Number of protein chains: 2
Amino acid sequence: MTSLSERQVSGNGSRPTMRQVAELAGVGVKTVSRVINGEPNVTAETAQRVLDAARALDYEPDLHAGNLRRADRRTRTLGLLVGSVDNPFAGAVHRAVEDAAAGRGVAVFASSLDDDPQREREAVSAFLRRRVDGLILTTATAKQTYLLPELRRGTPIVFVDREPSGIEADAVVSDNAGGAARAVEHLLSHGHRRLAYLGDLRGITTAHHRREGFLDAIRGGGIPAADVHVIEDLHDESSAREALLRLLDGPDAPTAVFSAQNLITIGALHALRDRGRHRDTALVGFDDIELADLLEPGVTVIAQHPEDLGRIAAERVFARLDGDASPAHRVVVGTTLIVRGSGEIPPRS
Amino acid sequence: MTSLSERQVSGNGSRPTMRQVAELAGVGVKTVSRVINGEPNVTAETAQRVLDAARALDYEPDLHAGNLRRADRRTRTLGLLVGSVDNPFAGAVHRAVEDAAAGRGVAVFASSLDDDPQREREAVSAFLRRRVDGLILTTATAKQTYLLPELRRGTPIVFVDREPSGIEADAVVSDNAGGAARAVEHLLSHGHRRLAYLGDLRGITTAHHRREGFLDAIRGGGIPAADVHVIEDLHDESSAREALLRLLDGPDAPTAVFSAQNLITIGALHALRDRGRHRDTALVGFDDIELADLLEPGVTVIAQHPEDLGRIAAERVFARLDGDASPAHRVVVGTTLIVRGSGEIPPRS
DNA sequence: ACTGTCGTTGACATCGTTGTCAATCGGGCG
DNA sequence: CGCCCGATTGACAACGATGTCAACGACAGT
C-alpha cells in the first residue's frame, strides 16, 4: 500500500528512458533498442542484462518517439468514428474492429459522431494529428472531399455503414435498399396495404437507401403511394414514438409499420403499447434489437451484421496498409429477415 | 474524384511538416509553431501568411512530435478499459468518458477486457507505451500491484465499476452490496422465502459484493440459508439460462430469482420463458436492460448509473491531471430500484 | 543623438527513439 | 602467423516539434 501523498514526493513524473536502461545495464542505447525490438545480433548474456534493467526500472518504450524516427512511420493506431459508442450497433462494429486490430498490436481511438458534421471534422482532425495509421468512418457530412488530400497521401480510409460521397474510397455497408424491400415484401405477403415508413434524418445515406428500397417495393407491390405514410427526420426513440402515436390516432392508421433503425423501432414499440395496438399492428424493424425475441409478440426484424461490417472494414484498412493499391472496394453485407411474430400479424379487416 | 491507382503515384506518403509550412510562408519554423499554437507576439500579417500556407498544404501538426519536446508532456489521450465495448453498460461508461474528454481535446483509447487478466496487462501496457495521460480501468487481475510504479510516477489511475486491490487509487463503483440487498428486501416484502442468486465469476469484485449484499439481506430477513440457491461463476447468457433451467426443473425451485448482471438477467428471462414460468416466478435483475419495460411482465431491476460512473471517473482523472494530490477517493454511486412487474410477482402458494 | 525597452523573429539544442555506419573482437583459414 | 569475415557493439544524426535565447528594429525618454 502506498499513500497518494507519497506519490507526489517520489512521483517526480520521471519515466525511465532507454538511456537510463542502457546505463543500468552498462550498454549503449542502441543495444537496448535492439533487445527491446527483438533485433538480431545481441548475445544472450547482453540481452538478459538489458531485460533485467528494463524490468527493474519498469521501463515501457515510448512508441511515439520511436515512430518519429522509424522508417515505416506507423503508430499502430486506428481511428474509428461511429454513430455513438453507446449504441448497440456501433458497439458491435467497434468490438469487431478492436478484435481485428488487437491481433496486430494496433490500438483503437473511438469517437462518437452524433450525426454532427462538425464533430466529424473535429474527430478526423484529432485522429490525424495523432497520426493514426488508418481511418474507419461513419460520416455525417454531405461530402467528404476534405479527406481527399489525406487519401492521396496514402492513409487508408474505409467508410463503414454509410457510403462516402465525393471521394472514391473503400466502403463497407449493409444492403439497405434490399433489406428494406425485403421487409415490405414480407408485410405485403401477409396482406397489408396501408403501410407506414418511419425513417431517420434525410441527410443520412442509409436512411435514403432504406427509404428508396421501401418505396421501390411498395411500387413493385402495386400499392398506391397515397396508402403509404412516409415519416422522416426521426432520430431518437421519443420522436419516433410521437410520430407513430400521431399516425395511430389519425384517420387512416397503418396496419403495418416499417421502422428503419433500432432506436426508431424501440420508439415504435412504445407507441404501439401506448395505444394497445401491438397485437393488431404489424411491425418490422431494420437492425436487430436485444430482447426482441422475448417481447409478445416477438419483434420481426431485418437484422444487420455489424460484426461483419466492422471486421471487413478493419480488414480493408490492414490490406491497404499491407500495400493493396487496387481500386476502391465497395462491400455490401447482406441482411437477414428474422421472423418473430410482429411482422406476421395480419391486417385488421 | 480521384482514382486509387493515382494515389499510389502521388501518394508518396509525404506529409507536410512545420518546416515545409515555414518555407512556403517564408518564415522560420518557430514562427509557424507560434501561430499554430496561438502563442502571442506574432504580427497579424505574418500569422495570416502562415495560416494560408498551412491551409494550402493541408497541414496537421504532429501531436506526438510536439509532445516529445513540450514541457507538460501531455499526449491529450486517455486509456479506457471496459468489460467489452459491445456491452451496453460499458457503452454508457465509454460515452460518458468520451464526453468529458472531448471537451478538453482529449482522445480516448478503448479496449475490451473480457475478464481476462492477461488482456488487462496487455491493454495497460499498450496504453502506457502510447503515453496516455491517464487510465480508467475495469480490471480482471486479482491484484493490481503491477500498477504501483506507474501510479508513483504520477499517472492518474481511476478504477471504475470494480474496486482495486493491493493499490490505493481512485475508484468509482456502484453500490453493489446495497443494491443487491435492496433487491432481496423487495422480494422478501412480497412474501418470497425460496430465493435464488445467479452470479458472475467469483473472482470479480462486483460479483463478490453483490453476493455479500444478497446474503446479508437474506440473513437479515431471517431466511435459512438452506432455502436459498446460490449459483455462481455464470458469465454469459447461455450459462445463466442453463443454470436457471436446472433450478426450475429441480425439486425445490425458487419462487424468486436475483440475477446479478445484465447478461445473466437476459439468460434468466429466457429460462423462465422456456419453462413458461415468467408469470409466476419473481425476478429482479442487477443493471438495467433495454426494453425491460416492454416485456410482460416488465423486468424489475436495480438500475446502475453507468453514465455517472464514467463521468465521475473522467472527472477524477482530470482533477489529478490538474494537480489534485489528495488521498485516493472512493466514490460510490447509488443504484435505483425500478419497479416494472417481474419483481412484484407473489410466491406460488 | 544615445540608451533602454519591448515586440518580433529565427537559430539552435533537445525530447526518446531508430537507422547508419564504423570500430572492435574472435575465430577460421591459407 | 597474418588476414579476412562475420558477429557484436556503440557513437552519431535524424525524425517533427517546442523551449531558450539572442538578434534585430522601432520607438520612447532623456
# chains A, B, ... in the order shown; residues from 1 in each chain; ligands from 1
>>> closest_atom_pairs(of="chain D", to="chain A", cutoff="12 Å", atoms="only C-alpha atoms (C1' of nucleotides)", output="CSV")
residue,atom,partner,partner_atom,distance
D:DG6,C1',A:Asn41,CA,10.6
D:DA7,C1',A:Asn41,CA,6.6
D:DT8,C1',A:Asn41,CA,6.3
D:DT9,C1',A:Thr31,CA,7.1
D:DG10,C1',A:Gly28,CA,5.4
D:DA11,C1',A:Gly28,CA,9.0
D:DC12,C1',A:Lys30,CA,11.0
D:DA13,C1',A:Arg69,CA,10.8
D:DA14,C1',A:Arg69,CA,7.1
D:DC15,C1',A:Arg69,CA,4.3
D:DG16,C1',A:Leu68,CA,7.4
D:DA17,C1',A:Leu68,CA,10.4
>>> interface_residues(of="chain C", to="chain A", cutoff="6 Å", atoms="only C-alpha atoms (C1' of nucleotides)", output="JSON, numbers by chain")
{"C": [16, 17, 18]}
>>> write_last_selection(atoms="C-alpha atoms (C1' of nucleotides)", output="PDB file, in the first residue's frame")
ATOM      1  C1'  DG C  16      13.265   9.418 -26.809  1.00  0.00           C
ATOM      2  C1'  DT C  17      13.908   6.549 -30.167  1.00  0.00           C
ATOM      3  C1'  DT C  18      15.885   4.101 -34.528  1.00  0.00           C
TER       4       DT C  18
END
>>> atom_distance(atom1="CA of Leu248 in chain A", atom2="CA of Ile223 in chain A")
19.9 Å
>>> select_by_dssp(residues="range 147-317 of chain A", states="strand (DSSP E)", output="VMD selection string")
chain A and resid 157 to 160 170 to 174 195 to 198 228 to 231 256 to 259 282 to 286 300 to 303
>>> atom_distance(atom1="CA of Val158 in chain A", atom2="CA of Glu315 in chain A")
9.7 Å
>>> atom_distance(atom1="CA of Val332 in chain B", atom2="CA of Val172 in chain B")
5.9 Å
>>> closest_residue(among="A:Ala313, A:Leu137, A:Ala169, A:Val333", to="chain B", atoms="only C-alpha atoms")
A:Ala169
>>> residues_around(residues="range 1-3 of chain C", least_positions_apart="2", cutoff="12 Å", atoms="only C-alpha atoms (C1' of nucleotides)", output="mmCIF file with N, CA, C and O atoms (P, O5', C5', C4', C3', O3' and C1' of nucleotides), in the first residue's frame")
data_model
loop_
_atom_site.group_PDB
_atom_site.id
_atom_site.type_symbol
_atom_site.label_atom_id
_atom_site.label_comp_id
_atom_site.auth_asym_id
_atom_site.auth_seq_id
_atom_site.Cartn_x
_atom_site.Cartn_y
_atom_site.Cartn_z
ATOM 1 P P DT C 5 15.880 49.084 -19.428
ATOM 2 O "O5'" DT C 5 14.595 48.888 -20.352
ATOM 3 C "C5'" DT C 5 13.687 49.989 -20.541
ATOM 4 C "C4'" DT C 5 12.619 49.591 -21.534
ATOM 5 C "C3'" DT C 5 12.198 48.126 -21.433
ATOM 6 O "O3'" DT C 5 10.776 48.056 -21.458
ATOM 7 C "C1'" DT C 5 12.791 48.630 -23.656
ATOM 8 P P DC D 27 8.220 53.168 -35.284
ATOM 9 O "O5'" DC D 27 7.987 53.578 -33.773
ATOM 10 C "C5'" DC D 27 7.744 52.556 -32.790
ATOM 11 C "C4'" DC D 27 8.189 53.069 -31.429
ATOM 12 C "C3'" DC D 27 8.170 54.599 -31.292
ATOM 13 O "O3'" DC D 27 7.543 54.935 -30.072
ATOM 14 C "C1'" DC D 27 10.229 53.755 -30.565
ATOM 15 P P DA D 28 6.890 56.363 -29.862
ATOM 16 O "O5'" DA D 28 7.068 56.571 -28.296
ATOM 17 C "C5'" DA D 28 7.003 55.426 -27.437
ATOM 18 C "C4'" DA D 28 7.870 55.662 -26.221
ATOM 19 C "C3'" DA D 28 7.850 57.110 -25.712
ATOM 20 O "O3'" DA D 28 7.774 57.105 -24.297
ATOM 21 C "C1'" DA D 28 10.079 56.466 -26.213
ATOM 22 P P DG D 29 7.538 58.447 -23.500
ATOM 23 O "O5'" DG D 29 8.950 58.644 -22.793
ATOM 24 C "C5'" DG D 29 9.546 57.539 -22.100
ATOM 25 C "C4'" DG D 29 10.947 57.925 -21.650
ATOM 26 C "C3'" DG D 29 11.049 59.352 -21.116
ATOM 27 O "O3'" DG D 29 11.910 59.366 -19.985
ATOM 28 C "C1'" DG D 29 12.548 59.080 -22.915
ATOM 29 P P DT D 30 12.068 60.680 -19.055
ATOM 30 O "O5'" DT D 30 13.546 61.182 -19.321
ATOM 31 C "C5'" DT D 30 14.646 60.287 -19.052
ATOM 32 C "C4'" DT D 30 15.904 60.844 -19.690
ATOM 33 C "C3'" DT D 30 16.174 62.314 -19.338
ATOM 34 O "O3'" DT D 30 17.409 62.438 -18.645
ATOM 35 C "C1'" DT D 30 16.468 61.903 -21.662
#
>>> select_by_dssp(residues="range 87-156 of chain B", states="alpha helix (DSSP H)", output="mmCIF file with C-alpha atoms, in the first residue's frame")
data_model
loop_
_atom_site.group_PDB
_atom_site.id
_atom_site.type_symbol
_atom_site.label_atom_id
_atom_site.label_comp_id
_atom_site.auth_asym_id
_atom_site.auth_seq_id
_atom_site.Cartn_x
_atom_site.Cartn_y
_atom_site.Cartn_z
ATOM 1 C CA PRO B 88 -24.467 -1.685 -23.129
ATOM 2 C CA PHE B 89 -23.202 -0.960 -19.620
ATOM 3 C CA ALA B 90 -19.680 -0.422 -20.924
ATOM 4 C CA GLY B 91 -21.014 1.595 -23.832
ATOM 5 C CA ALA B 92 -22.658 4.038 -21.451
ATOM 6 C CA VAL B 93 -19.491 4.343 -19.362
ATOM 7 C CA HIS B 94 -17.477 4.861 -22.506
ATOM 8 C CA ARG B 95 -19.779 7.517 -23.826
ATOM 9 C CA ALA B 96 -19.640 9.471 -20.572
ATOM 10 C CA VAL B 97 -15.853 9.309 -20.536
ATOM 11 C CA GLU B 98 -15.709 10.409 -24.138
ATOM 12 C CA ASP B 99 -17.979 13.376 -23.485
ATOM 13 C CA ALA B 100 -15.880 14.530 -20.557
ATOM 14 C CA ALA B 101 -12.681 14.045 -22.544
ATOM 15 C CA ALA B 102 -13.814 15.604 -25.806
ATOM 16 C CA PRO B 117 -6.156 -10.865 -16.660
ATOM 17 C CA GLN B 118 -3.691 -11.225 -19.482
ATOM 18 C CA ARG B 119 -5.701 -8.916 -21.721
ATOM 19 C CA GLU B 120 -5.734 -6.412 -18.904
ATOM 20 C CA ARG B 121 -1.966 -6.421 -18.641
ATOM 21 C CA GLU B 122 -1.539 -6.168 -22.373
ATOM 22 C CA ALA B 123 -4.053 -3.365 -22.732
ATOM 23 C CA VAL B 124 -2.450 -1.350 -19.939
ATOM 24 C CA SER B 125 0.960 -1.882 -21.448
ATOM 25 C CA ALA B 126 -0.326 -0.782 -24.849
ATOM 26 C CA PHE B 127 -1.781 2.342 -23.234
ATOM 27 C CA LEU B 128 1.421 3.173 -21.386
ATOM 28 C CA ARG B 129 3.621 2.678 -24.415
ATOM 29 C CA LEU B 148 2.176 0.859 -8.404
ATOM 30 C CA PRO B 149 5.263 2.157 -10.233
ATOM 31 C CA GLU B 150 3.061 3.915 -12.744
ATOM 32 C CA LEU B 151 0.923 5.434 -10.016
ATOM 33 C CA ARG B 152 4.013 6.654 -8.155
#
>>> residues_around(residues="DC3 in chain D", least_positions_apart="4", cutoff="12 Å", atoms="only C-alpha atoms (C1' of nucleotides)", output="ChimeraX atom specification")
/C:27-30
>>> residues_around(residues="Gly166 in chain B", least_positions_apart="3", cutoff="10 Å", atoms="only C-alpha atoms (C1' of nucleotides)", output="short mmCIF file (atom, residue, chain, number, x, y, z; two decimals) with all heavy atoms, in the first residue's frame")
data_model
loop_
_atom_site.label_atom_id
_atom_site.label_comp_id
_atom_site.auth_asym_id
_atom_site.auth_seq_id
_atom_site.Cartn_x
_atom_site.Cartn_y
_atom_site.Cartn_z
N MET A 1 0.85 -1.21 0.00
CA MET A 1 0.00 0.00 0.00
C MET A 1 0.88 1.26 0.00
O MET A 1 1.80 1.41 0.78
CB MET A 1 -0.82 0.03 1.28
CG MET A 1 -2.27 -0.38 1.23
SD MET A 1 -3.12 -0.74 -0.26
CE MET A 1 -4.02 -2.17 0.32
N THR A 2 0.58 2.14 -0.85
CA THR A 2 1.35 3.38 -0.94
C THR A 2 0.37 4.54 -0.89
O THR A 2 -0.62 4.55 -1.59
CB THR A 2 2.09 3.42 -2.30
OG1 THR A 2 2.81 2.22 -2.45
CG2 THR A 2 3.02 4.57 -2.35
N ALA B 142 -6.31 -10.29 -9.94
CA ALA B 142 -6.63 -10.38 -8.51
C ALA B 142 -6.08 -9.17 -7.78
O ALA B 142 -6.71 -8.61 -6.90
CB ALA B 142 -6.05 -11.68 -7.93
N LYS B 143 -4.88 -8.77 -8.14
CA LYS B 143 -4.27 -7.58 -7.54
C LYS B 143 -3.67 -6.71 -8.65
O LYS B 143 -3.17 -7.23 -9.63
CB LYS B 143 -3.15 -7.98 -6.56
CG LYS B 143 -3.69 -8.60 -5.29
CD LYS B 143 -2.61 -8.67 -4.22
CE LYS B 143 -3.19 -9.13 -2.89
NZ LYS B 143 -4.24 -8.24 -2.39
N GLN B 144 -3.72 -5.42 -8.43
CA GLN B 144 -3.19 -4.52 -9.46
C GLN B 144 -1.90 -3.85 -9.01
O GLN B 144 -1.60 -2.72 -9.37
CB GLN B 144 -4.23 -3.46 -9.84
CG GLN B 144 -5.45 -4.04 -10.52
CD GLN B 144 -6.43 -4.61 -9.53
OE1 GLN B 144 -6.71 -4.01 -8.50
NE2 GLN B 144 -6.97 -5.79 -9.81
N THR B 145 -1.15 -4.58 -8.20
CA THR B 145 0.11 -4.01 -7.68
C THR B 145 1.07 -3.65 -8.81
O THR B 145 1.92 -2.78 -8.63
CB THR B 145 0.79 -5.01 -6.74
OG1 THR B 145 0.72 -6.30 -7.33
CG2 THR B 145 0.10 -5.04 -5.40
N TYR B 146 0.93 -4.32 -9.93
CA TYR B 146 1.82 -4.02 -11.06
C TYR B 146 1.68 -2.57 -11.52
O TYR B 146 2.53 -2.06 -12.24
CB TYR B 146 1.56 -4.98 -12.23
CG TYR B 146 0.24 -4.76 -12.93
CD1 TYR B 146 0.17 -3.99 -14.09
CD2 TYR B 146 -0.95 -5.31 -12.45
CE1 TYR B 146 -1.03 -3.79 -14.74
CE2 TYR B 146 -2.15 -5.11 -13.09
CZ TYR B 146 -2.19 -4.36 -14.23
OH TYR B 146 -3.39 -4.15 -14.87
N LEU B 147 0.62 -1.92 -11.07
CA LEU B 147 0.41 -0.52 -11.47
C LEU B 147 1.08 0.47 -10.52
O LEU B 147 1.11 1.67 -10.79
CB LEU B 147 -1.08 -0.22 -11.56
CG LEU B 147 -1.79 -0.81 -12.77
CD1 LEU B 147 -3.30 -0.69 -12.61
CD2 LEU B 147 -1.35 -0.09 -14.05
N LEU B 148 1.60 -0.03 -9.41
CA LEU B 148 2.18 0.86 -8.40
C LEU B 148 3.27 1.78 -8.96
O LEU B 148 3.24 2.99 -8.71
CB LEU B 148 2.71 0.05 -7.21
CG LEU B 148 1.63 -0.35 -6.19
CD1 LEU B 148 2.19 -1.33 -5.18
CD2 LEU B 148 1.10 0.89 -5.48
N ALA B 169 -5.86 3.73 -4.94
CA ALA B 169 -6.09 4.66 -6.04
C ALA B 169 -7.56 5.02 -6.11
O ALA B 169 -8.40 4.39 -5.47
CB ALA B 169 -5.65 4.02 -7.36
#
>>> closest_residue(among="B:Glu60, B:Glu23, B:Asp170, B:Glu185", to="chain A", atoms="only C-alpha atoms")
B:Glu60
